[in-house]
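With mmCIF, C-alpha atoms inside, this is data12.cif:
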data_upload
loop_
_atom_site.label_atom_id
_atom_site.label_comp_id
_atom_site.auth_asym_id
_atom_site.auth_seq_id
_atom_site.Cartn_x
_atom_site.Cartn_y
_atom_site.Cartn_z
CA MET A 28 0.32 -9.65 23.63
CA ASP A 29 -3.40 -9.04 24.12
CA SER A 30 -4.19 -5.41 23.27
CA ARG A 31 -6.92 -5.55 25.90
CA ALA A 32 -4.41 -5.77 28.75
CA GLN A 33 -5.62 -3.38 31.42
CA TYR A 34 -4.28 -0.90 33.91
CA ASN A 35 -6.30 0.14 36.94
CA PRO A 36 -7.16 3.82 37.42
CA ARG A 37 -7.80 4.50 41.10
CA THR A 38 -8.96 8.12 41.40
CA VAL A 39 -11.99 9.90 39.93
CA GLU A 40 -9.74 11.86 37.59
CA GLU A 41 -7.92 8.72 36.44
CA VAL A 42 -11.18 6.87 35.81
CA PHE A 43 -12.48 9.83 33.82
CA ARG A 44 -9.30 9.93 31.71
CA ASP A 45 -9.75 6.21 31.08
CA PHE A 46 -13.38 6.86 30.07
CA LYS A 47 -12.43 9.72 27.71
CA GLY A 48 -9.72 7.67 26.02
CA ARG A 49 -11.99 4.67 25.45
CA ARG A 50 -14.80 6.95 24.27
CA ALA A 51 -12.53 8.71 21.77
CA GLY A 52 -11.52 5.36 20.30
CA LEU A 53 -15.14 4.22 19.94
CA VAL A 54 -16.21 7.53 18.38
CA LYS A 55 -13.36 7.19 15.90
CA ALA A 56 -14.49 3.67 14.94
CA LEU A 57 -18.07 4.83 14.32
CA THR A 58 -17.23 8.08 12.48
CA THR A 59 -13.87 8.76 10.86
CA ASP A 60 -12.90 5.05 10.67
CA VAL A 61 -16.40 3.80 9.90
CA GLU A 62 -15.47 2.15 6.58
CA ASP A 63 -12.76 0.06 8.22
CA PHE A 64 -15.04 -0.75 11.17
CA TYR A 65 -17.86 -1.82 8.83
CA ASN A 66 -15.58 -4.15 6.88
CA GLN A 67 -14.19 -5.78 10.02
CA CYS A 68 -17.68 -6.66 11.28
CA ASP A 69 -18.17 -9.58 8.89
CA PRO A 70 -21.43 -11.42 9.74
CA GLU A 71 -19.77 -14.68 8.68
CA LYS A 72 -17.34 -14.48 11.60
CA GLU A 73 -18.01 -15.53 15.18
CA ASN A 74 -19.34 -13.23 17.92
CA LEU A 75 -17.43 -9.96 17.63
CA CYS A 76 -17.13 -7.05 20.07
CA LEU A 77 -16.06 -3.43 19.64
CA TYR A 78 -13.43 -2.43 22.20
CA GLY A 79 -12.23 1.09 23.00
CA PHE A 80 -8.91 1.61 24.76
CA PRO A 81 -7.56 4.35 27.04
CA SER A 82 -5.03 5.09 24.27
CA GLU A 83 -7.93 6.37 22.08
CA GLN A 84 -7.65 3.35 19.79
CA TRP A 85 -10.34 0.80 18.91
CA GLU A 86 -10.45 -2.86 17.98
CA VAL A 87 -12.98 -5.38 16.71
CA ASN A 88 -12.21 -8.72 18.32
CA LEU A 89 -13.62 -11.88 19.84
CA PRO A 90 -14.69 -11.59 23.49
CA ALA A 91 -12.19 -12.28 26.24
CA GLU A 92 -11.69 -16.00 26.91
CA GLU A 93 -11.27 -15.45 30.63
CA VAL A 94 -14.45 -16.22 32.60
CA PRO A 95 -15.39 -14.09 34.37
CA PRO A 96 -13.50 -11.38 32.47
CA GLU A 97 -11.22 -8.93 34.26
CA LEU A 98 -13.41 -6.01 33.16
CA PRO A 99 -17.02 -5.80 31.94
CA GLU A 100 -17.21 -6.87 28.30
CA PRO A 101 -18.89 -4.97 25.44
CA VAL A 102 -22.00 -6.42 23.80
CA LEU A 103 -21.48 -9.61 21.79
CA GLY A 104 -22.32 -10.25 18.17
CA ILE A 105 -22.43 -6.74 16.74
CA ASN A 106 -21.45 -8.21 13.37
CA PHE A 107 -24.54 -10.44 13.09
CA ALA A 108 -26.92 -7.49 12.74
CA ARG A 109 -24.79 -5.57 10.23
CA ASP A 110 -26.51 -6.67 7.03
CA GLY A 111 -29.99 -7.01 8.50
CA MET A 112 -30.66 -3.30 8.97
CA GLN A 113 -29.81 0.11 7.53
CA GLU A 114 -26.19 1.04 8.16
CA LYS A 115 -27.05 4.20 10.10
CA ASP A 116 -29.42 2.22 12.34
CA TRP A 117 -26.80 -0.46 12.91
CA LEU A 118 -24.18 2.14 13.81
CA SER A 119 -26.65 3.79 16.19
CA LEU A 120 -27.30 0.43 17.86
CA VAL A 121 -23.58 -0.21 18.31
CA ALA A 122 -23.22 3.34 19.69
CA VAL A 123 -25.92 2.78 22.33
CA HIS A 124 -24.30 -0.44 23.51
CA SER A 125 -20.90 1.27 23.53
CA ASP A 126 -22.26 4.02 25.79
CA ALA A 127 -23.59 1.38 28.19
CA TRP A 128 -20.24 -0.43 28.19
CA LEU A 129 -18.29 2.76 28.94
CA LEU A 130 -20.47 3.47 31.97
CA ALA A 131 -20.11 -0.13 33.15
CA ILE A 132 -16.31 0.13 32.95
CA ALA A 133 -16.21 3.46 34.78
CA PHE A 134 -18.46 2.37 37.63
CA TYR A 135 -16.72 -1.00 37.87
CA PHE A 136 -13.55 0.93 38.74
CA GLY A 137 -15.57 3.09 41.11
CA ALA A 138 -16.88 0.06 42.98
CA ARG A 139 -13.57 -1.77 42.97
CA PHE A 140 -11.65 1.13 44.46
CA GLY A 141 -14.29 2.20 46.94
CA PHE A 142 -15.65 5.44 45.51
CA ASP A 143 -18.14 6.94 47.94
CA LYS A 144 -21.39 8.69 47.02
CA ALA A 145 -19.66 12.03 46.42
CA ASP A 146 -16.99 10.43 44.21
CA ARG A 147 -19.59 8.56 42.16
CA LYS A 148 -21.62 11.71 41.69
CA ARG A 149 -18.55 13.69 40.65
CA LEU A 150 -17.53 10.99 38.19
CA PHE A 151 -20.99 10.86 36.64
CA ASN A 152 -21.15 14.65 36.35
CA MET A 153 -17.79 14.71 34.56
CA ILE A 154 -18.97 11.98 32.19
CA ASN A 155 -22.30 13.70 31.64
CA GLU A 156 -20.57 16.86 30.38
CA LEU A 157 -19.58 14.91 27.24
CA PRO A 158 -22.15 13.98 24.58
CA THR A 159 -22.85 10.27 24.37
CA ILE A 160 -21.44 8.24 21.49
CA PHE A 161 -25.03 7.78 20.29
CA GLU A 162 -25.49 11.56 20.20
CA VAL A 163 -22.28 12.01 18.23
CA VAL A 164 -23.06 9.24 15.73
CA THR A 165 -26.67 10.29 15.10
CA GLY A 166 -25.98 14.02 15.11
CA ALA A 167 -28.40 14.57 18.00
CA ALA A 168 -25.70 16.53 19.83
CA LYS A 169 -25.53 19.07 17.02
CA LYS A 170 -28.95 20.71 17.25
CA GLN A 171 -27.75 24.02 15.89
CA VAL A 172 -25.26 22.87 13.25
CA LYS A 173 -27.37 24.08 10.32
CA GLU A 174 -27.60 27.52 11.89
CA LYS A 175 -23.88 27.83 12.51
CA ILE A 176 -21.92 30.34 10.47
CA SER A 177 -18.34 31.43 10.70
CA VAL A 178 -17.39 34.08 13.28
CA SER A 179 -16.34 36.42 10.48
CA ASN A 180 -19.97 36.90 9.48
CA HIS A 181 -20.37 39.48 12.24
CA SER A 182 -18.90 41.99 9.81
CA GLY A 183 -21.96 41.59 7.57
CA SER A 184 -20.21 39.89 4.67
CA LYS A 185 -19.50 36.21 4.07
CA SER A 186 -16.90 34.84 1.69
CA LYS A 187 -17.14 31.38 0.21
CA SER A 188 -14.25 30.14 2.31
CA ASN A 189 -15.67 31.64 5.49
CA SER A 190 -18.96 29.79 5.03
CA LYS A 191 -17.05 26.55 5.07
CA ALA A 192 -14.28 26.95 7.61
CA ARG A 193 -13.65 28.70 10.89
CA ALA A 194 -10.28 30.24 11.57
CA PRO A 195 -9.32 30.93 15.17
CA GLU A 196 -11.23 33.96 16.37
CA SER A 197 -8.01 35.82 17.18
CA GLN A 198 -7.00 35.66 13.50
CA VAL A 199 -10.40 36.80 12.29
CA ARG A 200 -10.52 39.83 14.52
CA GLN A 201 -7.04 40.99 13.64
CA SER A 202 -8.27 41.80 10.14
CA LYS A 203 -11.01 44.12 11.40
CA PRO A 204 -10.97 47.56 13.01
CA LEU A 205 -10.80 47.25 16.77
CA PRO A 206 -14.37 47.31 18.16
CA SER A 207 -15.42 49.42 21.09
CA LYS A 208 -15.68 47.77 24.48
CA GLU A 209 -19.48 47.52 24.15
CA GLU A 210 -19.26 46.06 20.65
CA GLU A 211 -16.65 43.56 21.79
CA GLU A 212 -18.83 42.37 24.65
CA GLU A 213 -21.77 42.02 22.28
CA LEU A 214 -19.69 39.98 19.82
CA ASP A 215 -18.47 37.72 22.62
CA ASP A 216 -22.05 37.07 23.70
CA GLN A 217 -23.08 36.30 20.12
CA ASP A 218 -20.11 33.97 19.65
CA GLU A 219 -21.00 32.10 22.81
CA ASP A 220 -24.65 31.74 21.79
CA GLU A 221 -23.83 30.66 18.25
CA HIS A 222 -21.01 28.24 18.82
CA GLY A 223 -21.35 27.04 22.40
CA GLU A 224 -23.27 23.90 21.42
CA THR A 225 -21.23 22.96 18.35
CA LEU A 226 -19.49 19.61 18.69
CA CYS A 227 -16.81 18.06 16.51
CA GLY A 228 -18.21 15.24 14.37
CA ALA A 229 -15.01 13.24 14.91
CA CYS A 230 -14.06 13.62 18.58
CA GLY A 231 -17.32 15.02 20.00
CA GLU A 232 -15.59 17.86 21.83
CA HIS A 233 -16.99 21.40 22.02
CA TYR A 234 -16.10 24.27 19.69
CA GLY A 235 -13.26 26.49 20.88
CA THR A 236 -12.84 30.05 19.63
CA ASP A 237 -9.08 29.55 19.10
CA GLU A 238 -9.44 26.40 17.00
CA PHE A 239 -9.81 25.98 13.24
CA TRP A 240 -12.99 24.16 12.21
CA ILE A 241 -14.39 23.03 8.86
CA CYS A 242 -17.92 22.05 7.86
CA CYS A 243 -18.77 19.09 5.63
CA ASP A 244 -20.82 20.25 2.63
CA ILE A 245 -22.64 16.90 2.51
CA CYS A 246 -23.72 16.10 6.10
CA GLU A 247 -23.20 19.68 7.40
CA LYS A 248 -21.32 18.46 10.47
CA TRP A 249 -18.45 20.55 11.85
CA PHE A 250 -14.99 19.10 12.52
CA HIS A 251 -11.78 20.25 14.15
CA GLY A 252 -9.29 20.79 11.35
CA LYS A 253 -6.76 18.70 13.27
CA CYS A 254 -9.24 15.78 13.54
CA VAL A 255 -9.71 15.56 9.77
CA LYS A 256 -6.18 16.75 8.87
CA ILE A 257 -7.29 19.95 7.12
CA THR A 258 -5.37 23.20 7.61
CA PRO A 259 -6.78 26.72 7.04
CA ALA A 260 -4.51 27.09 4.01
CA ARG A 261 -5.74 23.86 2.49
CA ALA A 262 -9.38 24.75 3.16
CA GLU A 263 -9.04 27.85 1.01
CA HIS A 264 -8.55 25.62 -2.05
CA ILE A 265 -11.37 23.13 -1.35
CA LYS A 266 -14.47 23.84 -3.41
CA GLN A 267 -16.62 21.19 -1.72
CA TYR A 268 -15.41 19.57 1.49
CA LYS A 269 -16.47 16.01 2.30
CA CYS A 270 -15.71 14.60 5.74
CA PRO A 271 -14.13 11.12 6.01
CA SER A 272 -17.51 9.44 6.65
CA CYS A 273 -19.15 11.02 3.61
CA SER A 274 -16.10 10.34 1.43
CA ASN A 275 -16.17 6.66 2.40
CA LYS A 276 -19.89 6.15 1.84
CA ARG A 277 -20.74 3.74 -0.92
CA ALA A 278 -23.71 1.65 -1.90
CA ARG A 279 -24.21 -1.26 0.46
CA PRO A 280 -25.55 -4.59 -0.87
#
How does this structure look as structure tokens?
Amino acid sequence: MDSRAQYNPRTVEEVFRDFKGRRAGLVKALTTDVEDFYNQCDPEKENLCLYGFPSEQWEVNLPAEEVPPELPEPVLGINFARDGMQEKDWLSLVAVHSDAWLLAIAFYFGARFGFDKADRKRLFNMINELPTIFEVVTGAAKKQVKEKISVSNHSGSKSKSNSKARAPESQVRQSKPLPSKEEEEELDDQDEDEHGETLCGACGEHYGTDEFWICCDICEKWFHGKCVKITPARAEHIKQYKCPSCSNKRARP
């Protein structure tokens, strides 16, 4: 059975869910699964495409044989350029084309099922709230990552583990004296300013104050603990954390 078999979302919300699922799969291919993705894109093979699926999975495969295809197809031949440029530049190029493909898919559904001007605008605004795949892959969506520190630093002291990982804010505050109402409001404002723009290097979603995060000591990108399978307890025993992308990096010929 062809893994590219499609279902047809018919409402703005359904199309957006389809978009998010496909996007998550593509982000995974270009970040946490980058080693596997790189190896599958053999320049000796025929024209290959990178597909993202609503199930948040990805696949490198030949283009659909059906002409014209049921849905817009991703760009052809991503494997041919792999060895002719720097890996980061190649990944950025694939990311740009993946962004274009996701928009094509979403607005194909919009046209097919008769979205009016208001529906198209609402769909685009929902999509535009997420960083592009290109922004996630290149780190452009993480303008303030180097300035980010753990929420526990508001107390004026920073432990080695706190500089690396973020526990849910509720856990951090339970270990401190209860602040006054004014102090609490000030801390909330500081938290929002500091962490509001932080995005997970794996899924591209925003930082949440009740989620555990960990920072890679190599690329300095932040990740949801659940995305990289690191728990707060495990983080306490990690001297230097390397994210999956940095762990998989090796010299390319």
key: Test item: residues at most 12 Å from region 62-75 of chain A, all atoms listed in the file, excluding those fewer than 2 positions along its chain, as a PyMOL selection string   = chain A and resi 52-60+77-78+85-91+100-111+114-115+117-118+121+271-279
CA of Arg49 (chain A) to CA of Asp143 (chain A), distance in Å rounded to a single decimal = 23.4 Å
key: All residues 12 Å or closer to Phe46 (chain A), only C-alpha atoms, same chain fewer than 3 positions away omitted, as a ChimeraX atom specification   = /A:35-36,39-43,49-53,79-83,125-137,150-151,153-155,157,159-160
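Here CA of Cys76 (chain A) stands at a distance of 27.4 Å from CA of Asn152 (chain A).
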query = What gap, in Å, lies between CA of Glu247 (chain A) and CA of Leu226 (chain A)?
reply =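 Taking CA of Glu247 (chain A) as the start and CA of Leu226 (chain A) as the end point, the length is 11.9 Å.
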How would region 74-89 of chain A of the given structure read as a file with all heavy atoms, as a tab-separated table (two decimals), in the first residue's frame?
chain	number	residue	atom	x	y	z
A	74	ASN	N	15.41	10.59	-9.33
A	74	ASN	CA	14.78	11.75	-8.69
A	74	ASN	C	14.06	11.34	-7.42
A	74	ASN	O	13.16	10.50	-7.45
A	74	ASN	CB	13.75	12.38	-9.63
A	74	ASN	CG	14.39	13.27	-10.67
A	74	ASN	OD1	15.19	14.12	-10.33
A	74	ASN	ND2	14.03	13.06	-11.93
A	75	LEU	N	14.45	11.94	-6.29
A	75	LEU	CA	13.80	11.64	-5.02
A	75	LEU	C	13.09	12.87	-4.47
A	75	LEU	O	13.52	14.00	-4.72
A	75	LEU	CB	14.82	11.13	-3.99
A	75	LEU	CG	15.46	9.77	-4.29
A	75	LEU	CD1	16.52	9.45	-3.23
A	75	LEU	CD2	14.42	8.66	-4.36
A	76	CYS	N	12.03	12.63	-3.72
A	76	CYS	CA	11.26	13.70	-3.08
A	76	CYS	C	11.18	13.43	-1.59
A	76	CYS	O	11.23	12.29	-1.14
A	76	CYS	CB	9.83	13.75	-3.63
A	76	CYS	SG	9.70	13.98	-5.42
A	77	LEU	N	11.01	14.50	-0.81
A	77	LEU	CA	10.77	14.37	0.63
A	77	LEU	C	9.29	14.64	0.88
A	77	LEU	O	8.80	15.74	0.61
A	77	LEU	CB	11.63	15.35	1.43
A	77	LEU	CG	11.32	15.44	2.93
A	77	LEU	CD1	11.53	14.08	3.61
A	77	LEU	CD2	12.17	16.52	3.60
A	78	TYR	N	8.60	13.62	1.40
A	78	TYR	CA	7.18	13.74	1.71
A	78	TYR	C	6.97	13.84	3.22
A	78	TYR	O	7.65	13.17	4.00
A	78	TYR	CB	6.41	12.51	1.21
A	78	TYR	CG	6.36	12.38	-0.29
A	78	TYR	CD1	7.35	11.68	-0.97
A	78	TYR	CD2	5.31	12.94	-1.02
A	78	TYR	CE1	7.32	11.56	-2.36
A	78	TYR	CE2	5.27	12.81	-2.41
A	78	TYR	CZ	6.27	12.12	-3.07
A	78	TYR	OH	6.24	12.01	-4.43
A	79	GLY	N	6.02	14.68	3.62
A	79	GLY	CA	5.56	14.73	5.01
A	79	GLY	C	4.11	14.29	5.05
A	79	GLY	O	3.34	14.60	4.12
A	80	PHE	N	3.73	13.56	6.08
A	80	PHE	CA	2.38	13.02	6.16
A	80	PHE	C	1.62	13.59	7.35
A	80	PHE	O	2.23	14.01	8.35
A	80	PHE	CB	2.43	11.49	6.26
A	80	PHE	CG	3.15	10.85	5.10
A	80	PHE	CD1	4.35	10.17	5.31
A	80	PHE	CD2	2.67	10.96	3.81
A	80	PHE	CE1	5.03	9.60	4.25
A	80	PHE	CE2	3.34	10.39	2.75
A	80	PHE	CZ	4.52	9.71	2.97
A	81	PRO	N	0.28	13.60	7.27
A	81	PRO	CA	-0.52	14.11	8.38
A	81	PRO	C	-0.25	13.37	9.69
A	81	PRO	O	-0.52	13.90	10.77
A	81	PRO	CB	-1.97	13.88	7.91
A	81	PRO	CG	-1.87	13.86	6.41
A	81	PRO	CD	-0.54	13.22	6.11
A	82	SER	N	0.29	12.17	9.61
A	82	SER	CA	0.61	11.36	10.80
A	82	SER	C	1.90	11.79	11.47
A	82	SER	O	2.37	11.14	12.40
A	82	SER	CB	0.71	9.89	10.40
A	82	SER	OG	1.76	9.70	9.46
A	83	GLU	N	2.53	12.88	10.98
A	83	GLU	CA	3.79	13.42	11.51
A	83	GLU	C	4.99	12.52	11.17
A	83	GLU	O	6.02	12.57	11.83
A	83	GLU	CB	3.72	13.67	13.02
A	83	GLU	CG	2.63	14.65	13.42
A	83	GLU	CD	2.68	15.03	14.88
A	83	GLU	OE1	3.62	14.60	15.59
A	83	GLU	OE2	1.78	15.78	15.33
A	84	GLN	N	4.84	11.73	10.14
A	84	GLN	CA	5.93	10.90	9.64
A	84	GLN	C	6.47	11.50	8.34
A	84	GLN	O	5.84	12.34	7.72
A	84	GLN	CB	5.46	9.46	9.40
A	84	GLN	CG	4.90	8.78	10.66
A	84	GLN	CD	5.91	8.71	11.78
A	84	GLN	OE1	7.03	8.27	11.60
A	84	GLN	NE2	5.50	9.17	12.96
A	85	TRP	N	7.65	11.03	7.91
A	85	TRP	CA	8.24	11.51	6.67
A	85	TRP	C	8.74	10.34	5.85
A	85	TRP	O	8.90	9.24	6.36
A	85	TRP	CB	9.38	12.49	6.94
A	85	TRP	CG	10.53	11.90	7.73
A	85	TRP	CD1	10.65	11.83	9.09
A	85	TRP	CD2	11.71	11.27	7.20
A	85	TRP	NE1	11.82	11.22	9.44
A	85	TRP	CE2	12.50	10.86	8.31
A	85	TRP	CE3	12.18	11.02	5.91
A	85	TRP	CZ2	13.73	10.21	8.14
A	85	TRP	CZ3	13.41	10.39	5.75
A	85	TRP	CH2	14.17	9.99	6.85
A	86	GLU	N	8.99	10.59	4.58
A	86	GLU	CA	9.46	9.53	3.70
A	86	GLU	C	10.21	10.15	2.52
A	86	GLU	O	9.80	11.16	1.96
A	86	GLU	CB	8.26	8.73	3.18
A	86	GLU	CG	8.60	7.64	2.19
A	86	GLU	CD	7.38	6.93	1.67
A	86	GLU	OE1	6.57	7.58	0.97
A	86	GLU	OE2	7.21	5.73	1.96
A	87	VAL	N	11.32	9.53	2.16
A	87	VAL	CA	12.03	9.88	0.92
A	87	VAL	C	11.63	8.83	-0.11
A	87	VAL	O	11.79	7.63	0.13
A	87	VAL	CB	13.56	9.89	1.13
A	87	VAL	CG1	14.27	10.05	-0.21
A	87	VAL	CG2	13.96	11.01	2.08
A	88	ASN	N	11.10	9.28	-1.24
A	88	ASN	CA	10.57	8.33	-2.21
A	88	ASN	C	10.59	8.94	-3.60
A	88	ASN	O	10.81	10.16	-3.77
A	88	ASN	CB	9.13	7.94	-1.84
A	88	ASN	CG	8.75	6.56	-2.35
A	88	ASN	OD1	9.37	6.04	-3.28
A	88	ASN	ND2	7.72	5.98	-1.74
A	89	LEU	N	10.38	8.09	-4.60
A	89	LEU	CA	10.22	8.57	-5.96
A	89	LEU	C	8.91	9.32	-6.08
A	89	LEU	O	7.98	9.10	-5.29
A	89	LEU	CB	10.24	7.38	-6.93
A	89	LEU	CG	11.55	6.60	-7.00
A	89	LEU	CD1	11.35	5.32	-7.81
A	89	LEU	CD2	12.64	7.45	-7.62
